Amino acid sequence: MNKSPGKIFIVATPIGNMADMSPRAVDVLKHVDKIFAEDTRHSGPLLKYFNIQTQCHALHEHNERQISDKICADVLAGQSIALISDAGVPLISDPGFLLIKKAHESSLTIVPIPGPCAAITALSVSGLPSDQFYFVGFLPSKSSARIKTLTKLKSIHATFIFYESPHRILESLHDMGDVYGLDCTVVLARELTKMFETVKKTSLQDLLAFVSNDANQRKGEMVVLLDNTNVDAADAEQENLELERTLQILLDTLSLKQAVSLAVKLTGQKRNQVYPMALAISQNQEK
């Protein structure tokens with residue numbers, strides 16, 4: 001008699017303070033057949049702390065592609081497994097995407113066990129607009145690629161959330177200053193939920209000085225948030241003028257739909273911003 005398929009549990013773990021581990025997360029990890037962790041050495045103390053004796057296996061960027069099919073086959077055969085990362089919610093700048101993609105393709109049941117997430121925790125205490133935010137994760141390691149990425153993001157008006165490593169924090173802050181200016185508002189959320197937790201909201205210029213002058217602020221787990229929600233009125237007006245000129249030229253030779261599509265590609269603005277202006281220009285040209 002064939003067993004019913006098992007389940008895959010995506011289990012959030014503490015980002016620092018063990019008291020943030022939910023009873024449901026502990027119960028799931030105790031009762032699944034296997035646990036897959038980003039780094040078994042890192043997760044070992046967590047499992048020991050909660051007396052979780054379930055077998056723990058490694059799933060990381062170097063082996064995920066090779067073992068995802070086998071894991072899904074085991075779940076189809078009736079096993080239940082849990083996926084955890086080093087800290088926080090799995091898949092958020094951590095391995096697991098390929099496994100979960102394969103699990104969906106295999107029509108497996110995937111169950112989220114929610115809990116701490118450094119990005120959302122940092123946003124909640126940042127004092128920056130939270131109605132529109134954009135999670136970037138880790139920026140590229142090289143300055144040229146970092147600046148290119150930051151420049152592309154500039155057209156997105158939201159609170160940006162970055163993860164950063166201690167050995168790159170100063171270089172990344174300098175590059176942010178080159179792209180967004182030293183007057184922009186930023187927040188450093190460091191070592192969240194841990195003993196030396198820091199939440200510092202200030203200008204980028206002052207944050208650079210703060211991190212440069214205190215070596216302790218260049219240690220531990222870091223989230224940097226940047227406020228890109230305030231659009232300078234002059235810049236916005238200039239963008240609109242340029243968009244209007246572009247659309248007038250395009251509409252001389254193209255259909256409304258074609259002009260809108262090409263203008264979106266040329267200017268980087270969203271279709272819902274471009275279309276109303278294009279429609280108004282088109283109607284005026286027809287008069």
# chains A, B, ... in the order shown; residues from 1 in each chain; ligands from 1
>>> residues_around(residues="A:Ala82", least_positions_apart="4", cutoff="6 Å", atoms="only C-alpha atoms", output="list of chain:residue names")
A:Ile8, A:Phe9, A:Ile10, A:Ile35
>>> write_last_selection(atoms="N, CA and C atoms", output="mmCIF file, in the first residue's frame")
data_model
loop_
_atom_site.group_PDB
_atom_site.id
_atom_site.type_symbol
_atom_site.label_atom_id
_atom_site.label_comp_id
_atom_site.auth_asym_id
_atom_site.auth_seq_id
_atom_site.Cartn_x
_atom_site.Cartn_y
_atom_site.Cartn_z
ATOM 1 N N ILE A 8 6.682 19.434 3.039
ATOM 2 C CA ILE A 8 7.904 20.208 3.224
ATOM 3 C C ILE A 8 7.565 21.427 4.086
ATOM 4 N N PHE A 9 8.229 21.549 5.213
ATOM 5 C CA PHE A 9 7.995 22.666 6.125
ATOM 6 C C PHE A 9 9.130 23.687 5.985
ATOM 7 N N ILE A 10 8.778 24.941 5.755
ATOM 8 C CA ILE A 10 9.757 26.025 5.684
ATOM 9 C C ILE A 10 9.736 26.714 7.041
ATOM 10 N N ILE A 35 15.736 17.084 8.722
ATOM 11 C CA ILE A 35 15.903 18.528 8.644
ATOM 12 C C ILE A 35 17.023 18.817 7.651
#
>>> residues_around(residues="A:Leu208", least_positions_apart="4", cutoff="7 Å", atoms="only C-alpha atoms", output="NGL selection string")
:A and (170 or 173 or 204 or 212)
>>> write_last_selection(atoms="N, CA and C atoms", output="short mmCIF file (atom, residue, chain, number, x, y, z; two decimals), in the first residue's frame")
data_model
loop_
_atom_site.label_atom_id
_atom_site.label_comp_id
_atom_site.auth_asym_id
_atom_site.auth_seq_id
_atom_site.Cartn_x
_atom_site.Cartn_y
_atom_site.Cartn_z
N LEU A 170 31.57 49.80 4.94
CA LEU A 170 32.02 51.15 4.64
C LEU A 170 32.03 51.42 3.14
N LEU A 173 28.45 51.88 1.92
CA LEU A 173 27.89 53.18 2.32
C LEU A 173 28.47 54.31 1.46
N LEU A 204 23.18 59.74 5.68
CA LEU A 204 24.24 58.85 5.23
C LEU A 204 25.61 59.38 5.63
N SER A 212 32.65 54.56 10.72
CA SER A 212 34.11 54.70 10.55
C SER A 212 34.82 54.86 11.89
#
>>> closest_atom_pairs(of="stretch 133-191 of chain A", to="stretch 223-226 of chain A", cutoff="6 Å", atoms="only C-alpha atoms", output="Markdown table")
| residue | atom | partner | partner_atom | distance |
| --- | --- | --- | --- | --- |
| A:Thr159 | CA | A:Leu226 | CA | 5.7 |
| A:Phe160 | CA | A:Leu226 | CA | 5.1 |
| A:Ile161 | CA | A:Leu225 | CA | 4.6 |
| A:Phe162 | CA | A:Val224 | CA | 5.1 |
| A:Tyr163 | CA | A:Val223 | CA | 4.7 |
| A:Val186 | CA | A:Leu226 | CA | 4.4 |
| A:Val187 | CA | A:Leu225 | CA | 5.0 |
| A:Leu188 | CA | A:Val224 | CA | 4.8 |
| A:Ala189 | CA | A:Val223 | CA | 5.1 |
>>> write_last_selection(atoms="N, CA and C atoms", output="JSON list (two decimals), in the first residue's frame")
[["chain", "number", "residue", "atom", "x", "y", "z"],
["A", 159, "THR", "N", 11.40, 52.44, 0.27],
["A", 159, "THR", "CA", 12.45, 52.20, 1.25],
["A", 159, "THR", "C", 13.22, 50.95, 0.83],
["A", 160, "PHE", "N", 14.52, 51.09, 0.63],
["A", 160, "PHE", "CA", 15.34, 49.96, 0.22],
["A", 160, "PHE", "C", 15.88, 49.23, 1.46],
["A", 161, "ILE", "N", 15.91, 47.91, 1.38],
["A", 161, "ILE", "CA", 16.44, 47.09, 2.46],
["A", 161, "ILE", "C", 17.60, 46.27, 1.91],
["A", 162, "PHE", "N", 18.79, 46.50, 2.47],
["A", 162, "PHE", "CA", 19.99, 45.79, 2.05],
["A", 162, "PHE", "C", 20.52, 44.92, 3.19],
["A", 163, "TYR", "N", 21.08, 43.77, 2.86],
["A", 163, "TYR", "CA", 21.93, 43.03, 3.79],
["A", 163, "TYR", "C", 23.37, 43.39, 3.44],
["A", 186, "VAL", "N", 19.19, 57.22, 6.18],
["A", 186, "VAL", "CA", 19.48, 55.78, 6.23],
["A", 186, "VAL", "C", 19.35, 55.28, 7.66],
["A", 187, "VAL", "N", 19.27, 53.97, 7.76],
["A", 187, "VAL", "CA", 19.22, 53.32, 9.08],
["A", 187, "VAL", "C", 20.17, 52.14, 9.06],
["A", 188, "LEU", "N", 20.98, 52.02, 10.08],
["A", 188, "LEU", "CA", 21.79, 50.82, 10.30],
["A", 188, "LEU", "C", 21.12, 50.01, 11.40],
["A", 189, "ALA", "N", 20.69, 48.79, 11.08],
["A", 189, "ALA", "CA", 20.12, 47.88, 12.08],
["A", 189, "ALA", "C", 21.08, 46.71, 12.20]]
>>> atom_distance(atom1="atom CA of A:Ile113", atom2="atom CA of A:Glu61")
22.0 Å
>>> residues_around(residues="A:Phe50", least_positions_apart="4", cutoff="9 Å", atoms="only C-alpha atoms", output="PyMOL selection string")
chain A and resi 26+45-46
>>> closest_residue(among="A:Asp86, A:Glu38, A:Asp20, A:Asp131", to="A:Asp227", atoms="only C-alpha atoms")
A:Asp131
>>> residues_around(residues="A:Leu76", least_positions_apart="6", cutoff="9 Å", atoms="only C-alpha atoms", output="list of chain:residue names")
A:Lys3, A:Ser4, A:Pro5, A:Gly6, A:Lys7, A:Ser106, A:Leu108
